[in-house]
>>> print(open('work.cif').read())   # mmCIF, C-alpha atoms and all ligand atoms
data_my_file
loop_
_atom_site.group_PDB
_atom_site.id
_atom_site.type_symbol
_atom_site.label_atom_id
_atom_site.label_comp_id
_atom_site.auth_asym_id
_atom_site.auth_seq_id
_atom_site.Cartn_x
_atom_site.Cartn_y
_atom_site.Cartn_z
ATOM 1 C CA MET W 171 4.759 3.380 23.953
ATOM 2 C CA SER W 172 1.274 2.633 25.212
ATOM 3 C CA ILE W 173 -1.917 4.274 23.961
ATOM 4 C CA ILE W 174 -2.073 6.307 27.148
ATOM 5 C CA GLU W 175 1.532 7.467 26.842
ATOM 6 C CA ASN W 176 0.911 8.469 23.232
ATOM 7 C CA ILE W 177 -2.111 10.549 24.253
ATOM 8 C CA GLN W 178 -0.191 12.145 27.110
ATOM 9 C CA THR W 179 2.696 13.085 24.815
ATOM 10 C CA ILE W 180 0.347 14.849 22.405
ATOM 11 C CA GLU W 181 -1.690 16.462 25.205
ATOM 12 C CA LYS W 182 1.569 17.873 26.586
ATOM 13 C CA GLN W 183 2.519 19.295 23.171
ATOM 14 C CA ILE W 184 -0.830 21.037 22.783
ATOM 15 C CA SER W 185 -1.395 22.211 26.349
ATOM 16 C CA ASN W 186 -1.635 26.009 26.652
ATOM 17 C CA LYS W 187 -2.238 26.265 22.912
ATOM 18 C CA GLY W 188 -6.024 26.124 22.998
ATOM 19 C CA VAL W 189 -6.000 22.987 20.871
ATOM 20 C CA THR W 190 -8.336 20.023 21.397
ATOM 21 C CA LEU W 191 -7.263 16.460 20.629
ATOM 22 C CA VAL W 192 -9.663 14.034 18.965
ATOM 23 C CA ALA W 193 -8.336 10.459 19.108
ATOM 24 C CA VAL W 194 -9.194 8.851 15.774
ATOM 25 C CA SER W 195 -10.073 5.254 16.575
ATOM 26 C CA LYS W 196 -11.420 3.982 13.241
ATOM 27 C CA THR W 197 -10.677 0.280 12.607
ATOM 28 C CA LYS W 198 -9.433 -0.113 16.202
ATOM 29 C CA PRO W 199 -11.131 -2.497 18.652
ATOM 30 C CA VAL W 200 -13.192 -1.325 21.626
ATOM 31 C CA ALA W 201 -10.538 -2.721 24.000
ATOM 32 C CA MET W 202 -8.032 -0.150 22.710
ATOM 33 C CA LEU W 203 -10.488 2.718 23.098
ATOM 34 C CA MET W 204 -11.284 1.488 26.603
ATOM 35 C CA GLU W 205 -7.595 1.739 27.516
ATOM 36 C CA ALA W 206 -7.742 5.440 26.724
ATOM 37 C CA TYR W 207 -11.158 5.812 28.367
ATOM 38 C CA GLN W 208 -9.993 4.219 31.603
ATOM 39 C CA ALA W 209 -7.128 6.692 31.744
ATOM 40 C CA GLY W 210 -9.697 9.492 31.492
ATOM 41 C CA PHE W 211 -9.662 10.246 27.765
ATOM 42 C CA LYS W 212 -13.183 10.433 26.341
ATOM 43 C CA ARG W 213 -13.083 12.081 22.912
ATOM 44 C CA PHE W 214 -12.983 9.766 19.892
ATOM 45 C CA GLY W 215 -13.312 10.283 16.139
ATOM 46 C CA GLU W 216 -14.753 7.687 13.762
ATOM 47 C CA ASN W 217 -15.197 7.521 9.974
ATOM 48 C CA TYR W 218 -17.693 4.752 9.407
ATOM 49 C CA VAL W 219 -21.301 4.962 10.577
ATOM 50 C CA GLN W 220 -21.731 1.267 11.309
ATOM 51 C CA GLU W 221 -18.492 1.058 13.259
ATOM 52 C CA LEU W 222 -19.348 4.192 15.218
ATOM 53 C CA THR W 223 -22.838 3.004 16.219
ATOM 54 C CA GLY W 224 -21.408 -0.369 17.244
ATOM 55 C CA LYS W 225 -18.824 1.254 19.490
ATOM 56 C CA TYR W 226 -21.389 3.708 20.849
ATOM 57 C CA ASN W 227 -23.630 0.799 21.883
ATOM 58 C CA GLU W 228 -20.815 -1.106 23.547
ATOM 59 C CA MET W 229 -19.050 1.707 25.358
ATOM 60 C CA PRO W 230 -19.827 4.045 28.291
ATOM 61 C CA LYS W 231 -22.285 6.813 27.525
ATOM 62 C CA ASP W 232 -20.183 9.800 28.626
ATOM 63 C CA ILE W 233 -17.958 9.597 25.537
ATOM 64 C CA GLU W 234 -17.831 12.530 23.111
ATOM 65 C CA TRP W 235 -18.135 10.952 19.655
ATOM 66 C CA HIS W 236 -16.909 12.891 16.626
ATOM 67 C CA PHE W 237 -17.816 11.867 13.098
ATOM 68 C CA ILE W 238 -14.967 12.788 10.758
ATOM 69 C CA GLY W 239 -15.479 10.746 7.571
ATOM 70 C CA HIS W 240 -17.589 11.246 4.482
ATOM 71 C CA LEU W 241 -21.215 11.062 5.603
ATOM 72 C CA GLN W 242 -24.028 9.858 3.351
ATOM 73 C CA SER W 243 -27.370 11.582 3.944
ATOM 74 C CA ASN W 244 -29.209 8.288 4.321
ATOM 75 C CA LYS W 245 -26.987 7.303 7.250
ATOM 76 C CA VAL W 246 -27.333 10.460 9.346
ATOM 77 C CA LYS W 247 -30.269 8.937 11.253
ATOM 78 C CA TYR W 248 -28.047 6.298 12.858
ATOM 79 C CA ILE W 249 -25.672 8.775 14.519
ATOM 80 C CA ALA W 250 -28.065 11.688 15.142
ATOM 81 C CA PRO W 251 -29.162 10.423 18.592
ATOM 82 C CA PHE W 252 -25.697 10.766 20.122
ATOM 83 C CA VAL W 253 -22.991 12.333 17.904
ATOM 84 C CA SER W 254 -21.211 15.358 19.465
ATOM 85 C CA LEU W 255 -19.630 16.970 16.422
ATOM 86 C CA ILE W 256 -19.794 16.196 12.710
ATOM 87 C CA HIS W 257 -16.565 17.490 11.116
ATOM 88 C CA SER W 258 -17.364 16.567 7.554
ATOM 89 C CA VAL W 259 -20.410 18.497 6.364
ATOM 90 C CA ASP W 260 -19.698 18.887 2.661
ATOM 91 C CA SER W 261 -23.061 19.936 1.222
ATOM 92 C CA PHE W 262 -26.196 21.874 2.049
ATOM 93 C CA LYS W 263 -28.258 18.760 1.400
ATOM 94 C CA LEU W 264 -26.353 16.906 4.116
ATOM 95 C CA LEU W 265 -26.770 19.802 6.517
ATOM 96 C CA GLN W 266 -30.549 19.779 5.931
ATOM 97 C CA GLU W 267 -30.695 16.061 6.680
ATOM 98 C CA ILE W 268 -28.644 16.503 9.875
ATOM 99 C CA ASN W 269 -31.063 19.252 10.913
ATOM 100 C CA LYS W 270 -34.047 16.992 10.232
ATOM 101 C CA GLN W 271 -32.647 14.041 12.178
ATOM 102 C CA ALA W 272 -31.493 16.268 15.039
ATOM 103 C CA ALA W 273 -35.041 17.660 15.319
ATOM 104 C CA LYS W 274 -36.457 14.127 15.475
ATOM 105 C CA ASN W 275 -34.127 13.447 18.387
ATOM 106 C CA ASN W 276 -34.818 16.758 20.114
ATOM 107 C CA ARG W 277 -31.165 17.677 19.753
ATOM 108 C CA ILE W 278 -29.031 20.432 18.321
ATOM 109 C CA ILE W 279 -26.064 18.885 16.518
ATOM 110 C CA ASN W 280 -22.755 20.708 16.240
ATOM 111 C CA CYS W 281 -21.254 20.735 12.751
ATOM 112 C CA LEU W 282 -18.128 21.877 10.947
ATOM 113 C CA LEU W 283 -18.204 22.792 7.278
ATOM 114 C CA GLN W 284 -15.517 20.844 5.439
ATOM 115 C CA ILE W 285 -13.685 23.097 3.022
ATOM 116 C CA TYR W 286 -11.839 21.741 0.027
ATOM 117 C CA ILE W 287 -8.199 22.776 0.386
ATOM 118 C CA ALA W 288 -6.222 19.904 -1.189
ATOM 119 C CA GLU W 289 -4.716 20.082 -4.640
ATOM 120 C CA GLU W 290 -5.976 16.629 -5.524
ATOM 121 C CA ASP W 291 -9.549 15.668 -6.201
ATOM 122 C CA THR W 292 -9.878 12.662 -3.926
ATOM 123 C CA LYS W 293 -10.660 14.678 -0.802
ATOM 124 C CA SER W 294 -14.224 15.846 -0.319
ATOM 125 C CA GLY W 295 -15.334 19.226 0.876
ATOM 126 C CA MET W 296 -17.071 22.361 -0.348
ATOM 127 C CA THR W 297 -15.653 25.451 -1.984
ATOM 128 C CA GLU W 298 -15.386 28.751 -0.132
ATOM 129 C CA GLU W 299 -18.305 30.045 -2.224
ATOM 130 C CA GLU W 300 -20.544 27.138 -1.212
ATOM 131 C CA CYS W 301 -19.547 27.682 2.395
ATOM 132 C CA LEU W 302 -20.499 31.359 2.241
ATOM 133 C CA GLN W 303 -23.859 30.482 0.694
ATOM 134 C CA ILE W 304 -24.601 28.136 3.598
ATOM 135 C CA LEU W 305 -23.508 30.701 6.197
ATOM 136 C CA ASN W 306 -25.918 33.260 4.766
ATOM 137 C CA PRO W 307 -28.478 33.976 7.532
ATOM 138 C CA ASP W 308 -31.325 33.478 5.041
ATOM 139 C CA THR W 309 -30.090 29.969 4.343
ATOM 140 C CA LEU W 310 -29.526 29.095 7.981
ATOM 141 C CA LYS W 311 -32.634 30.576 9.556
ATOM 142 C CA ASN W 312 -34.782 27.465 9.121
ATOM 143 C CA LEU W 313 -32.102 25.077 10.326
ATOM 144 C CA THR W 314 -32.883 25.390 14.021
ATOM 145 C CA HIS W 315 -31.391 22.046 15.066
ATOM 146 C CA ILE W 316 -27.842 22.468 13.864
ATOM 147 C CA ASN W 317 -25.060 24.614 15.214
ATOM 148 C CA ILE W 318 -22.237 25.410 12.818
ATOM 149 C CA VAL W 319 -19.211 25.882 15.057
ATOM 150 C CA GLY W 320 -16.317 26.027 12.618
ATOM 151 C CA LEU W 321 -14.463 24.729 9.586
ATOM 152 C CA MET W 322 -12.524 21.569 8.772
ATOM 153 C CA GLY W 323 -9.941 20.821 6.123
ATOM 154 C CA MET W 324 -7.837 17.930 4.866
ATOM 155 C CA THR W 325 -4.606 18.441 2.979
ATOM 156 C CA THR W 326 -3.197 16.658 -0.031
ATOM 157 C CA LEU W 327 -1.615 13.316 0.829
ATOM 158 C CA THR W 328 2.025 14.319 0.417
ATOM 159 C CA GLU W 329 5.304 14.497 2.345
ATOM 160 C CA ASP W 330 5.869 18.002 0.999
ATOM 161 C CA GLU W 331 5.692 20.206 4.107
ATOM 162 C CA THR W 332 5.592 23.405 2.089
ATOM 163 C CA GLN W 333 2.525 22.176 0.244
ATOM 164 C CA ILE W 334 0.801 21.038 3.468
ATOM 165 C CA ARG W 335 1.551 24.329 5.203
ATOM 166 C CA LYS W 336 0.229 26.252 2.217
ATOM 167 C CA GLU W 337 -3.065 24.349 2.344
ATOM 168 C CA PHE W 338 -3.522 24.826 6.097
ATOM 169 C CA ARG W 339 -2.736 28.505 5.657
ATOM 170 C CA LYS W 340 -5.355 28.769 2.920
ATOM 171 C CA LEU W 341 -8.041 27.499 5.304
ATOM 172 C CA LYS W 342 -6.863 29.749 8.142
ATOM 173 C CA THR W 343 -6.831 32.773 5.834
ATOM 174 C CA PHE W 344 -10.376 32.008 4.714
ATOM 175 C CA HIS W 345 -11.446 31.572 8.338
ATOM 176 C CA ASP W 346 -9.810 34.874 9.311
ATOM 177 C CA SER W 347 -11.635 36.617 6.496
ATOM 178 C CA ILE W 348 -15.103 35.526 7.668
ATOM 179 C CA VAL W 349 -14.877 35.074 11.439
ATOM 180 C CA SER W 350 -15.802 38.651 12.297
ATOM 181 C CA THR W 351 -19.020 38.223 10.279
ATOM 182 C CA TYR W 352 -19.663 34.730 11.676
ATOM 183 C CA PRO W 353 -18.133 34.788 15.185
ATOM 184 C CA PHE W 354 -19.695 31.402 16.011
ATOM 185 C CA LEU W 355 -17.011 29.765 13.825
ATOM 186 C CA THR W 356 -14.690 29.096 16.749
ATOM 187 C CA THR W 357 -13.257 25.720 15.706
ATOM 188 C CA LEU W 358 -10.669 25.059 13.021
ATOM 189 C CA SER W 359 -10.258 21.287 12.666
ATOM 190 C CA MET W 360 -7.034 20.581 10.816
ATOM 191 C CA GLY W 361 -4.028 18.320 11.345
ATOM 192 C CA MET W 362 -3.553 14.550 11.612
ATOM 193 C CA SER W 363 -0.699 12.290 12.841
ATOM 194 C CA GLY W 364 1.789 13.373 10.198
ATOM 195 C CA ASP W 365 1.094 17.085 10.146
ATOM 196 C CA TYR W 366 -0.616 18.277 13.326
ATOM 197 C CA GLU W 367 2.434 20.264 14.446
ATOM 198 C CA ILE W 368 2.360 22.262 11.217
ATOM 199 C CA ALA W 369 -1.418 22.591 11.535
ATOM 200 C CA ILE W 370 -1.096 24.084 15.021
ATOM 201 C CA GLU W 371 1.553 26.540 13.821
ATOM 202 C CA GLU W 372 -0.935 27.544 11.134
ATOM 203 C CA GLY W 373 -3.787 28.115 13.586
ATOM 204 C CA SER W 374 -5.547 24.792 14.133
ATOM 205 C CA THR W 375 -7.738 24.526 17.249
ATOM 206 C CA MET W 376 -8.656 20.848 16.861
ATOM 207 C CA ILE W 377 -6.430 17.991 15.712
ATOM 208 C CA ARG W 378 -7.591 14.541 14.627
ATOM 209 C CA VAL W 379 -4.866 12.032 15.472
ATOM 210 C CA GLY W 380 -5.166 8.292 14.818
ATOM 211 C CA SER W 381 -2.073 6.246 14.012
ATOM 212 C CA LYS W 382 0.210 8.244 16.335
ATOM 213 C CA ILE W 383 -2.009 7.100 19.204
ATOM 214 C CA PHE W 384 -3.299 3.656 18.235
ATOM 215 C CA GLY W 385 -0.641 2.502 15.736
ATOM 216 C CA HIS W 386 -0.988 1.765 12.050
ATOM 217 C CA ARG W 387 -4.358 0.737 10.725
ATOM 218 C CA VAL W 388 -5.144 -2.476 8.924
ATOM 219 C CA TYR W 389 -8.234 -2.104 6.782
ATOM 220 C CA PRO W 390 -10.543 -5.074 6.371
ATOM 221 C CA THR W 391 -10.490 -6.348 2.794
HETATM 222 C C1 LIG Q 401 -8.132 8.682 9.525
HETATM 223 C C2 LIG Q 401 -8.359 10.138 9.653
HETATM 224 C C3 LIG Q 401 -7.587 10.917 10.534
HETATM 225 C C4 LIG Q 401 -6.433 10.363 11.347
HETATM 226 O O1 LIG Q 401 -5.382 9.972 10.523
HETATM 227 P P1 LIG Q 401 -3.940 9.625 11.128
HETATM 228 O O2 LIG Q 401 -3.008 9.929 10.019
HETATM 229 O O3 LIG Q 401 -3.966 8.180 11.477
HETATM 230 O O4 LIG Q 401 -3.736 10.478 12.318
HETATM 231 C C5 LIG Q 401 -7.895 12.260 10.654
HETATM 232 N N1 LIG Q 401 -8.885 12.825 9.953
HETATM 233 C C6 LIG Q 401 -9.653 12.104 9.095
HETATM 234 C C7 LIG Q 401 -10.742 12.782 8.362
HETATM 235 C C8 LIG Q 401 -9.400 10.746 8.918
HETATM 236 O O5 LIG Q 401 -10.144 10.075 8.055
#
>>> encode(input="work.cif", output="structure tokens", more="lines below")
Ligand SMILES: *Cc1c(COP(=O)(O)O)cnc(C)c1O
Amino acid sequence: MSIIENIQTIEKQISNKGVTLVAVSKTKPVAMLMEAYQAGFKRFGENYVQELTGKYNEMPKDIEWHFIGHLQSNKVKYIAPFVSLIHSVDSFKLLQEINKQAAKNNRIINCLLQIYIAEEDTKSGMTEEECLQILNPDTLKNLTHINIVGLMGMTTLTEDETQIRKEFRKLKTFHDSIVSTYPFLTTLSMGMSGDYEIAIEEGSTMIRVGSKIFGHRVYPT
């Protein structure tokens, strides 16, 4: 199956479900992204700042770039001029830096708050309490250059479907409990290659799919 066929298969599965596909292209060469781009697909997710800025510089400017990996505050400045959505805001300090860099670029940057849902401590994210503190209007009122548009979660790395479903459901339940107070939280980013079908059943509105589109990744040593 080609990259384009893989995208089309997933797009077909999610059509009419109100779910958006982000093609996760980390570690993959520009030529592979261009295959998707030339077929009309323009929404890519990257994890590494340097790789993302390199691809941004090389590729057409109408691409929607999503940052999905752990983001260090001192690197926000490199992506602030162009990033469309940062999925992985895991602290108030990071959010303040995004706001500052967005202001410098005369932009408003869309952000998701990453909530810790996994039962292992390798995945980053904030607790529900930290999230609620950030969403407090008093906290947010000075951050005029960010737009919080939803929540993101990553599950435990396991084959256990019951466990994965439980973790997605935890995030959805939390979202349900706060969305009437914060109706701007329209996006729920959850689900990757191995579990996006479960994620959609549990209420995901945005899936981040890499290896099912581009094939397995080989990380540089
Ligand atoms: C790599 C990555 C993905 C995509 O993973 P696949 O299993 O290849 O689909 C999704 N989300 C995040 C945060 C990632 O780092």
>>> residues_near_ligand(input="work.cif", ligand="ligand LIG 401 (chain Q)", cutoff="10 Å", atoms="only C-alpha atoms and all ligand atoms", output="PyMOL selection string")
chain W and resi 192-197+215-218+237-240+257-258+284+293-294+322-325+327+359-366+377-387
>>> atom_distance(input="work.cif", atom1="CA of Thr297 in chain W", atom2="CA of Leu355 in chain W")
16.4 Å
>>> residues_around(input="work.cif", residues="Pro307 in chain W", least_positions_apart="4", cutoff="12 Å", atoms="only C-alpha atoms", output="number ranges by chain")
W: 302-303, 311-314, 318, 351-352
>>> atom_distance(input="work.cif", atom1="CA of Ile256 in chain W", atom2="CA of Leu310 in chain W")
16.8 Å
>>> closest_residue(input="work.cif", among="W:Val246, W:Met296, W:Ala273, W:Met204", to="Thr223 in chain W", atoms="all atoms listed in the file")
W:Val246
>>> resolve_selection(input="work.cif", expression="the PyMOL selection byres (((chain W and resi 251) around 12) and not hetatm)", output="PDB file with C-alpha atoms, in the frame of the given file")
ATOM      1  CA  THR W 223     -22.838   3.004  16.219  1.00  0.00           C
ATOM      2  CA  TYR W 226     -21.389   3.708  20.849  1.00  0.00           C
ATOM      3  CA  ASN W 227     -23.630   0.799  21.883  1.00  0.00           C
ATOM      4  CA  LYS W 231     -22.285   6.813  27.525  1.00  0.00           C
ATOM      5  CA  TRP W 235     -18.135  10.952  19.655  1.00  0.00           C
ATOM      6  CA  LYS W 245     -26.987   7.303   7.250  1.00  0.00           C
ATOM      7  CA  VAL W 246     -27.333  10.460   9.346  1.00  0.00           C
ATOM      8  CA  LYS W 247     -30.269   8.937  11.253  1.00  0.00           C
ATOM      9  CA  TYR W 248     -28.047   6.298  12.858  1.00  0.00           C
ATOM     10  CA  ILE W 249     -25.672   8.775  14.519  1.00  0.00           C
ATOM     11  CA  ALA W 250     -28.065  11.688  15.142  1.00  0.00           C
ATOM     12  CA  PHE W 252     -25.697  10.766  20.122  1.00  0.00           C
ATOM     13  CA  VAL W 253     -22.991  12.333  17.904  1.00  0.00           C
ATOM     14  CA  SER W 254     -21.211  15.358  19.465  1.00  0.00           C
ATOM     15  CA  LEU W 255     -19.630  16.970  16.422  1.00  0.00           C
ATOM     16  CA  ILE W 268     -28.644  16.503   9.875  1.00  0.00           C
ATOM     17  CA  ASN W 269     -31.063  19.252  10.913  1.00  0.00           C
ATOM     18  CA  LYS W 270     -34.047  16.992  10.232  1.00  0.00           C
ATOM     19  CA  GLN W 271     -32.647  14.041  12.178  1.00  0.00           C
ATOM     20  CA  ALA W 272     -31.493  16.268  15.039  1.00  0.00           C
ATOM     21  CA  ALA W 273     -35.041  17.660  15.319  1.00  0.00           C
ATOM     22  CA  LYS W 274     -36.457  14.127  15.475  1.00  0.00           C
ATOM     23  CA  ASN W 275     -34.127  13.447  18.387  1.00  0.00           C
ATOM     24  CA  ASN W 276     -34.818  16.758  20.114  1.00  0.00           C
ATOM     25  CA  ARG W 277     -31.165  17.677  19.753  1.00  0.00           C
ATOM     26  CA  ILE W 278     -29.031  20.432  18.321  1.00  0.00           C
ATOM     27  CA  ILE W 279     -26.064  18.885  16.518  1.00  0.00           C
TER      28      ILE W 279
END
>>> closest_residue(input="work.cif", among="W:Glu372, W:Asp260, W:Asp232, W:Glu205", to="Gly295 in chain W", atoms="all atoms listed in the file")
W:Asp260
>>> resolve_selection(input="work.cif", expression="the PyMOL selection byres (((chain W and resi 357) around 8) and not hetatm)", output="ChimeraX atom specification")
/W:282,319-321,355-356,358-359,374-376
>>> closest_residue(input="work.cif", among="W:Ser185, W:Ser243, W:Ser261, W:Gln208", to="Ile285 in chain W", atoms="all atoms listed in the file")
W:Ser261
>>> build_atoms(input="work.cif", residues="range 282-292 of chain W", atoms="all heavy atoms", output="PDB file, in the frame of the given file")
ATOM      1  N   LEU W 282     -19.162  21.079  11.608  1.00  0.00           N
ATOM      2  CA  LEU W 282     -18.128  21.877  10.947  1.00  0.00           C
ATOM      3  C   LEU W 282     -18.366  21.762   9.450  1.00  0.00           C
ATOM      4  O   LEU W 282     -18.760  20.706   8.955  1.00  0.00           O
ATOM      5  CB  LEU W 282     -16.728  21.328  11.271  1.00  0.00           C
ATOM      6  CG  LEU W 282     -16.333  21.219  12.748  1.00  0.00           C
ATOM      7  CD1 LEU W 282     -14.930  20.613  12.866  1.00  0.00           C
ATOM      8  CD2 LEU W 282     -16.386  22.582  13.425  1.00  0.00           C
ATOM      9  N   LEU W 283     -18.125  22.838   8.733  1.00  0.00           N
ATOM     10  CA  LEU W 283     -18.204  22.792   7.278  1.00  0.00           C
ATOM     11  C   LEU W 283     -16.826  22.391   6.750  1.00  0.00           C
ATOM     12  O   LEU W 283     -15.820  23.034   7.074  1.00  0.00           O
ATOM     13  CB  LEU W 283     -18.632  24.152   6.722  1.00  0.00           C
ATOM     14  CG  LEU W 283     -19.996  24.663   7.214  1.00  0.00           C
ATOM     15  CD1 LEU W 283     -20.305  26.029   6.598  1.00  0.00           C
ATOM     16  CD2 LEU W 283     -21.121  23.664   6.902  1.00  0.00           C
ATOM     17  N   GLN W 284     -16.792  21.311   5.986  1.00  0.00           N
ATOM     18  CA  GLN W 284     -15.517  20.844   5.439  1.00  0.00           C
ATOM     19  C   GLN W 284     -15.212  21.590   4.151  1.00  0.00           C
ATOM     20  O   GLN W 284     -15.967  21.537   3.188  1.00  0.00           O
ATOM     21  CB  GLN W 284     -15.550  19.333   5.193  1.00  0.00           C
ATOM     22  CG  GLN W 284     -14.208  18.815   4.673  1.00  0.00           C
ATOM     23  CD  GLN W 284     -14.145  17.301   4.546  1.00  0.00           C
ATOM     24  OE1 GLN W 284     -15.084  16.595   4.918  1.00  0.00           O
ATOM     25  NE2 GLN W 284     -13.048  16.808   4.010  1.00  0.00           N
ATOM     26  N   ILE W 285     -14.085  22.283   4.168  1.00  0.00           N
ATOM     27  CA  ILE W 285     -13.685  23.097   3.022  1.00  0.00           C
ATOM     28  C   ILE W 285     -12.625  22.359   2.214  1.00  0.00           C
ATOM     29  O   ILE W 285     -11.684  21.791   2.775  1.00  0.00           O
ATOM     30  CB  ILE W 285     -13.107  24.468   3.486  1.00  0.00           C
ATOM     31  CG1 ILE W 285     -14.026  25.139   4.514  1.00  0.00           C
ATOM     32  CG2 ILE W 285     -12.839  25.386   2.300  1.00  0.00           C
ATOM     33  CD1 ILE W 285     -15.395  25.483   4.003  1.00  0.00           C
ATOM     34  N   TYR W 286     -12.780  22.393   0.935  1.00  0.00           N
ATOM     35  CA  TYR W 286     -11.839  21.741   0.027  1.00  0.00           C
ATOM     36  C   TYR W 286     -10.562  22.575  -0.072  1.00  0.00           C
ATOM     37  O   TYR W 286     -10.587  23.688  -0.560  1.00  0.00           O
ATOM     38  CB  TYR W 286     -12.529  21.625  -1.335  1.00  0.00           C
ATOM     39  CG  TYR W 286     -11.733  20.898  -2.359  1.00  0.00           C
ATOM     40  CD1 TYR W 286     -11.724  19.514  -2.379  1.00  0.00           C
ATOM     41  CD2 TYR W 286     -10.992  21.593  -3.298  1.00  0.00           C
ATOM     42  CE1 TYR W 286     -10.976  18.827  -3.319  1.00  0.00           C
ATOM     43  CE2 TYR W 286     -10.237  20.910  -4.246  1.00  0.00           C
ATOM     44  CZ  TYR W 286     -10.236  19.536  -4.243  1.00  0.00           C
ATOM     45  OH  TYR W 286      -9.497  18.872  -5.164  1.00  0.00           O
ATOM     46  N   ILE W 287      -9.456  22.014   0.445  1.00  0.00           N
ATOM     47  CA  ILE W 287      -8.199  22.776   0.386  1.00  0.00           C
ATOM     48  C   ILE W 287      -7.095  22.029  -0.360  1.00  0.00           C
ATOM     49  O   ILE W 287      -6.073  22.604  -0.714  1.00  0.00           O
ATOM     50  CB  ILE W 287      -7.668  23.157   1.799  1.00  0.00           C
ATOM     51  CG1 ILE W 287      -7.557  21.934   2.714  1.00  0.00           C
ATOM     52  CG2 ILE W 287      -8.541  24.225   2.433  1.00  0.00           C
ATOM     53  CD1 ILE W 287      -6.843  22.206   4.042  1.00  0.00           C
ATOM     54  N   ALA W 288      -7.283  20.723  -0.586  1.00  0.00           N
ATOM     55  CA  ALA W 288      -6.222  19.904  -1.189  1.00  0.00           C
ATOM     56  C   ALA W 288      -6.111  20.175  -2.682  1.00  0.00           C
ATOM     57  O   ALA W 288      -7.077  20.570  -3.325  1.00  0.00           O
ATOM     58  CB  ALA W 288      -6.498  18.429  -0.952  1.00  0.00           C
ATOM     59  N   GLU W 289      -4.902  19.946  -3.198  1.00  0.00           N
ATOM     60  CA  GLU W 289      -4.716  20.082  -4.640  1.00  0.00           C
ATOM     61  C   GLU W 289      -4.780  18.720  -5.312  1.00  0.00           C
ATOM     62  O   GLU W 289      -3.978  18.360  -6.140  1.00  0.00           O
ATOM     63  CB  GLU W 289      -3.396  20.805  -4.925  1.00  0.00           C
ATOM     64  CG  GLU W 289      -3.542  22.296  -4.683  1.00  0.00           C
ATOM     65  CD  GLU W 289      -2.293  23.095  -4.969  1.00  0.00           C
ATOM     66  OE1 GLU W 289      -1.331  22.543  -5.530  1.00  0.00           O
ATOM     67  OE2 GLU W 289      -2.289  24.292  -4.619  1.00  0.00           O
ATOM     68  N   GLU W 290      -5.716  17.928  -4.895  1.00  0.00           N
ATOM     69  CA  GLU W 290      -5.976  16.629  -5.524  1.00  0.00           C
ATOM     70  C   GLU W 290      -7.479  16.441  -5.392  1.00  0.00           C
ATOM     71  O   GLU W 290      -8.102  16.991  -4.498  1.00  0.00           O
ATOM     72  CB  GLU W 290      -5.235  15.500  -4.794  1.00  0.00           C
ATOM     73  CG  GLU W 290      -5.678  15.344  -3.347  1.00  0.00           C
ATOM     74  CD  GLU W 290      -4.905  14.272  -2.560  1.00  0.00           C
ATOM     75  OE1 GLU W 290      -3.969  13.679  -3.103  1.00  0.00           O
ATOM     76  OE2 GLU W 290      -5.259  14.050  -1.415  1.00  0.00           O
ATOM     77  N   ASP W 291      -8.098  15.691  -6.296  1.00  0.00           N
ATOM     78  CA  ASP W 291      -9.549  15.668  -6.201  1.00  0.00           C
ATOM     79  C   ASP W 291     -10.130  14.434  -5.518  1.00  0.00           C
ATOM     80  O   ASP W 291     -11.269  14.072  -5.723  1.00  0.00           O
ATOM     81  CB  ASP W 291     -10.207  15.911  -7.564  1.00  0.00           C
ATOM     82  CG  ASP W 291      -9.455  15.247  -8.678  1.00  0.00           C
ATOM     83  OD1 ASP W 291      -8.993  14.111  -8.464  1.00  0.00           O
ATOM     84  OD2 ASP W 291      -9.298  15.858  -9.729  1.00  0.00           O
ATOM     85  N   THR W 292      -9.338  13.808  -4.660  1.00  0.00           N
ATOM     86  CA  THR W 292      -9.878  12.662  -3.926  1.00  0.00           C
ATOM     87  C   THR W 292     -10.486  13.065  -2.582  1.00  0.00           C
ATOM     88  O   THR W 292     -11.236  12.308  -2.009  1.00  0.00           O
ATOM     89  CB  THR W 292      -8.797  11.599  -3.668  1.00  0.00           C
ATOM     90  OG1 THR W 292      -7.708  12.232  -2.999  1.00  0.00           O
ATOM     91  CG2 THR W 292      -8.309  10.990  -4.954  1.00  0.00           C
TER      92      THR W 292
END
